[in-house]
Amino acid sequence: NAFIKEIDYSIFNEFLFEIPVCKKTEEDKLKIQALKELLINENPEKALKLLNQLLEINQNDISTLNYKACILFLSSKYNDSIDCFNECLELNQDYKYALFNKGLVLIRTNRLNESLNCFNRFLENEKNYIKTKPYQIEIIEKINENNEKNY
């Protein structure tokens, strides 16, 4: 279990987040507090509670959904995490943060073809190439290994 948690935290450190804009609204304050709880205080449960409060205010807040999906991943709720990333992508099919993060979770759950699709879509924007190309290569190698084992 400790090893699995270590792997999950390693993956979590690769996730992409949209930096919240510091504004004076209550929603922005809650979002910043949630990120503080997650990243500084290392209290994902409290961060998730704050994010759920934000989603009660605006269920379509795409960055909040992305943060929530990342926390669900840390809680080993991989399918819930993927569902949450899917909600983000339903709101904006090109939302790069959810697309990349979903690809990482799909690797973790050994859904390699789906992961490769996420990274291929992410790579359609050449600015994303450096961050994504190593994952794409790793996935292709794993798929090839799996195919060789099946023969």
# chains A, B, ... in the order shown; residues from 1 in each chain; ligands from 1

$ closest_atom_pairs --of "stretch 71-126 of chain A" --to "stretch 40-59 of chain A" --cutoff "9 Å" --atoms "only C-alpha atoms" --output "CSV"
residue,atom,partner,partner_atom,distance
A:Ile71,CA,A:Pro44,CA,6.3
A:Leu72,CA,A:Leu48,CA,8.3
A:Leu74,CA,A:Pro44,CA,8.0
A:Ser75,CA,A:Pro44,CA,8.2

$ write_last_selection --atoms "N, CA, C and O atoms" --output "tab-separated table (two decimals), in the first residue's frame"
chain	number	residue	atom	x	y	z
A	71	ILE	N	-7.71	15.23	-6.76
A	71	ILE	CA	-7.83	14.76	-5.37
A	71	ILE	C	-8.45	13.37	-5.33
A	71	ILE	O	-8.02	12.52	-4.55
A	72	LEU	N	-9.43	13.12	-6.17
A	72	LEU	CA	-10.03	11.79	-6.22
A	72	LEU	C	-8.98	10.75	-6.60
A	72	LEU	O	-8.95	9.64	-6.07
A	74	LEU	N	-5.79	10.94	-5.87
A	74	LEU	CA	-4.97	10.73	-4.67
A	74	LEU	C	-5.67	9.83	-3.66
A	74	LEU	O	-5.02	9.16	-2.87
A	75	SER	N	-6.98	9.82	-3.69
A	75	SER	CA	-7.77	8.97	-2.79
A	75	SER	C	-7.98	7.58	-3.37
A	75	SER	O	-8.81	6.82	-2.87

$ atom_distance --atom1 "atom CA of A:Phe119" --atom2 "atom CA of A:Asn144"
16.8 Å

$ residues_around --residues "A:Gln93" --least-positions-apart "5" --cutoff "12 Å" --atoms "only C-alpha atoms" --output "MDAnalysis selection string"
chainID A and resid 62 85:88 98:100 118 121:122

$ write_last_selection --atoms "all heavy atoms" --output "short mmCIF file (atom, residue, chain, number, x, y, z; two decimals), in the first residue's frame"
data_model
loop_
_atom_site.label_atom_id
_atom_site.label_comp_id
_atom_site.auth_asym_id
_atom_site.auth_seq_id
_atom_site.Cartn_x
_atom_site.Cartn_y
_atom_site.Cartn_z
N ILE A 62 -14.86 24.59 -14.45
CA ILE A 62 -13.99 23.58 -15.03
C ILE A 62 -12.68 23.39 -14.26
O ILE A 62 -12.22 22.27 -14.07
CB ILE A 62 -13.74 23.90 -16.53
CG1 ILE A 62 -13.20 22.69 -17.27
CG2 ILE A 62 -12.87 25.12 -16.70
CD1 ILE A 62 -13.27 22.84 -18.77
N PHE A 85 -12.71 14.20 -14.81
CA PHE A 85 -11.98 14.76 -15.96
C PHE A 85 -12.89 14.77 -17.19
O PHE A 85 -12.86 15.71 -17.98
CB PHE A 85 -10.69 13.98 -16.26
CG PHE A 85 -9.60 14.20 -15.26
CD1 PHE A 85 -8.95 13.13 -14.68
CD2 PHE A 85 -9.19 15.49 -14.91
CE1 PHE A 85 -7.92 13.32 -13.77
CE2 PHE A 85 -8.17 15.69 -14.00
CZ PHE A 85 -7.53 14.60 -13.43
N ASN A 86 -13.70 13.73 -17.34
CA ASN A 86 -14.64 13.68 -18.46
C ASN A 86 -15.65 14.83 -18.39
O ASN A 86 -16.02 15.41 -19.42
CB ASN A 86 -15.36 12.34 -18.52
CG ASN A 86 -14.48 11.23 -19.04
OD1 ASN A 86 -13.48 11.48 -19.72
ND2 ASN A 86 -14.82 10.00 -18.70
N GLU A 87 -16.09 15.17 -17.18
CA GLU A 87 -16.99 16.33 -17.02
C GLU A 87 -16.31 17.59 -17.52
O GLU A 87 -16.94 18.42 -18.19
CB GLU A 87 -17.39 16.50 -15.55
CG GLU A 87 -18.40 15.50 -15.06
CD GLU A 87 -18.80 15.78 -13.62
OE1 GLU A 87 -19.25 16.93 -13.34
OE2 GLU A 87 -18.67 14.87 -12.77
N CYS A 88 -15.04 17.75 -17.18
CA CYS A 88 -14.28 18.91 -17.66
C CYS A 88 -14.27 18.94 -19.18
O CYS A 88 -14.51 19.99 -19.80
CB CYS A 88 -12.83 18.86 -17.18
SG CYS A 88 -12.56 19.07 -15.43
N ALA A 98 -7.27 18.94 -18.00
CA ALA A 98 -8.01 17.69 -17.80
C ALA A 98 -7.56 16.62 -18.80
O ALA A 98 -7.48 15.44 -18.45
CB ALA A 98 -9.51 17.94 -17.93
N LEU A 99 -7.27 17.03 -20.01
CA LEU A 99 -6.86 16.08 -21.03
C LEU A 99 -5.55 15.40 -20.64
O LEU A 99 -5.42 14.17 -20.69
CB LEU A 99 -6.71 16.81 -22.37
CG LEU A 99 -6.64 15.99 -23.63
CD1 LEU A 99 -7.82 15.06 -23.77
CD2 LEU A 99 -6.57 16.92 -24.83
N PHE A 100 -4.58 16.19 -20.21
CA PHE A 100 -3.29 15.64 -19.79
C PHE A 100 -3.44 14.79 -18.52
O PHE A 100 -2.94 13.67 -18.45
CB PHE A 100 -2.29 16.78 -19.54
CG PHE A 100 -0.93 16.31 -19.15
CD1 PHE A 100 -0.03 15.88 -20.10
CD2 PHE A 100 -0.55 16.30 -17.81
CE1 PHE A 100 1.24 15.43 -19.74
CE2 PHE A 100 0.71 15.86 -17.43
CZ PHE A 100 1.61 15.42 -18.40
N CYS A 118 -5.65 10.39 -25.35
CA CYS A 118 -5.60 11.68 -24.64
C CYS A 118 -4.34 12.44 -25.00
O CYS A 118 -4.38 13.64 -25.31
CB CYS A 118 -5.65 11.48 -23.12
SG CYS A 118 -7.26 11.02 -22.48
N ARG A 121 -4.34 13.78 -28.54
CA ARG A 121 -5.16 15.00 -28.63
C ARG A 121 -4.42 16.18 -28.02
O ARG A 121 -4.45 17.29 -28.54
CB ARG A 121 -6.50 14.80 -27.95
CG ARG A 121 -7.48 14.00 -28.77
CD ARG A 121 -8.86 13.89 -28.17
NE ARG A 121 -9.39 15.14 -27.70
CZ ARG A 121 -10.20 15.26 -26.65
NH1 ARG A 121 -10.58 14.20 -25.97
NH2 ARG A 121 -10.66 16.42 -26.29
N PHE A 122 -3.77 15.93 -26.90
CA PHE A 122 -3.02 16.99 -26.22
C PHE A 122 -1.90 17.50 -27.13
O PHE A 122 -1.61 18.69 -27.15
CB PHE A 122 -2.44 16.41 -24.91
CG PHE A 122 -1.83 17.43 -24.00
CD1 PHE A 122 -2.64 18.21 -23.17
CD2 PHE A 122 -0.46 17.60 -23.92
CE1 PHE A 122 -2.09 19.14 -22.31
CE2 PHE A 122 0.09 18.52 -23.05
CZ PHE A 122 -0.72 19.29 -22.24
#

$ select_by_dssp --residues "chain A" --states "alpha helix (DSSP H)" --output "PyMOL selection string"
chain A and resi 2-12+26-39+44-57+62-74+78-91+96-108+112-122+129-149

$ closest_residue --among "A:Leu38, A:Leu91, A:Ile4, A:Leu116" --to "A:Tyr67" --atoms "only C-alpha atoms"
A:Leu38

$ residues_around --residues "A:Asn146" --least-positions-apart "6" --cutoff "12 Å" --atoms "only C-alpha atoms" --output "PDB file with N, CA, C and O atoms, in the first residue's frame"
ATOM      1  N   ASN A 110      -3.830   1.312 -16.361  1.00  0.00           N
ATOM      2  CA  ASN A 110      -3.440   0.417 -17.453  1.00  0.00           C
ATOM      3  C   ASN A 110      -4.408   0.447 -18.628  1.00  0.00           C
ATOM      4  O   ASN A 110      -4.570  -0.539 -19.341  1.00  0.00           O
ATOM      5  N   ARG A 111      -5.056   1.570 -18.826  1.00  0.00           N
ATOM      6  CA  ARG A 111      -5.930   1.763 -19.989  1.00  0.00           C
ATOM      7  C   ARG A 111      -5.120   2.540 -21.029  1.00  0.00           C
ATOM      8  O   ARG A 111      -5.334   3.716 -21.291  1.00  0.00           O
ATOM      9  N   LEU A 112      -4.153   1.833 -21.591  1.00  0.00           N
ATOM     10  CA  LEU A 112      -3.104   2.460 -22.383  1.00  0.00           C
ATOM     11  C   LEU A 112      -3.611   3.076 -23.682  1.00  0.00           C
ATOM     12  O   LEU A 112      -3.179   4.169 -24.057  1.00  0.00           O
ATOM     13  N   ASN A 113      -4.491   2.399 -24.389  1.00  0.00           N
ATOM     14  CA  ASN A 113      -4.984   2.948 -25.652  1.00  0.00           C
ATOM     15  C   ASN A 113      -5.748   4.246 -25.429  1.00  0.00           C
ATOM     16  O   ASN A 113      -5.584   5.209 -26.182  1.00  0.00           O
ATOM     17  N   ILE A 139       3.904   4.908 -23.503  1.00  0.00           N
ATOM     18  CA  ILE A 139       2.659   4.160 -23.730  1.00  0.00           C
ATOM     19  C   ILE A 139       2.784   3.267 -24.956  1.00  0.00           C
ATOM     20  O   ILE A 139       2.397   2.100 -24.927  1.00  0.00           O
ATOM     21  N   ILE A 140       3.347   3.799 -26.019  1.00  0.00           N
ATOM     22  CA  ILE A 140       3.516   3.004 -27.241  1.00  0.00           C
ATOM     23  C   ILE A 140       4.402   1.791 -26.960  1.00  0.00           C
ATOM     24  O   ILE A 140       4.105   0.674 -27.402  1.00  0.00           O
TER      25      ILE A 140
END
